[in-house]
Amino acid sequence: MLPTKKKDEDAPEPPPLEMKKVLLEKPVSGLVRKEVMDSTQLKAFCSENPFPHMVVPDILDENFARLLKDALLHEEFYLKSNDLYDFTQTKDLCDCTEPTIKKFREITSELRGRLSEVFDVKLKAKFDAFGAIYK
């Protein structure tokens, strides 16, 4: 399949370069909601209905989220399709060297332990990560 570059014309401007440097140097705790860093407080986002799940609105710092979106949109996207839908997807982001995406992997790594505690489930150390655009 041929790679396709997709740009979101309505996407907000990414933070300036100076802000990017500051954001990437912040510890994980400075880039996510403070309640997420405490397993006890994290339980407040859990629900049992209709099945056990968690919704954490605005989990990422808004500027970091914009930076991450911009980084993802600079990755190559490949068309994926089946009989139900079409979408574009990046390659596996676990090997990506782009600094913002690496920082996002650091965030998800740190959160994995807390999620494991909250749901009392052992989670694998490696996870699948990719960007996707559904239209």
# chains A, B, ... in the order shown; residues from 1 in each chain; ligands from 1
call {"tool": "select_by_dssp", "arguments": {"residues": "chain A", "states": "alpha helix (DSSP H)", "output": "PyMOL selection string"}}
result
chain A and resi 17-25+39-42+62-73+99-119
call {"tool": "residues_around", "arguments": {"residues": "region 85-93 of chain A", "least_positions_apart": "2", "cutoff": "8 Å", "atoms": "only C-alpha atoms", "output": "ChimeraX atom specification"}}
result
/A:4,75-83,95-96,101,128-135
call {"tool": "closest_residue", "arguments": {"among": "A:Leu73, A:Leu84, A:Thr100, A:Leu111", "to": "Lys34 (chain A)", "atoms": "only C-alpha atoms"}}
result
A:Leu111
call {"tool": "atom_distance", "arguments": {"atom1": "CA of Gly30 (chain A)", "atom2": "CA of Asp120 (chain A)"}}
result
25.5 Å
call {"tool": "residues_around", "arguments": {"residues": "Arg112 (chain A)", "least_positions_apart": "2", "cutoff": "12 Å", "atoms": "only C-alpha atoms", "output": "PyMOL selection string"}}
result
chain A and resi 36-37+39+105-110+114-127
call {"tool": "residues_around", "arguments": {"residues": "Glu25 (chain A)", "least_positions_apart": "4", "cutoff": "12 Å", "atoms": "only C-alpha atoms", "output": "ChimeraX atom specification"}}
result
/A:18-21,29-31,64,99-100,102-103,106
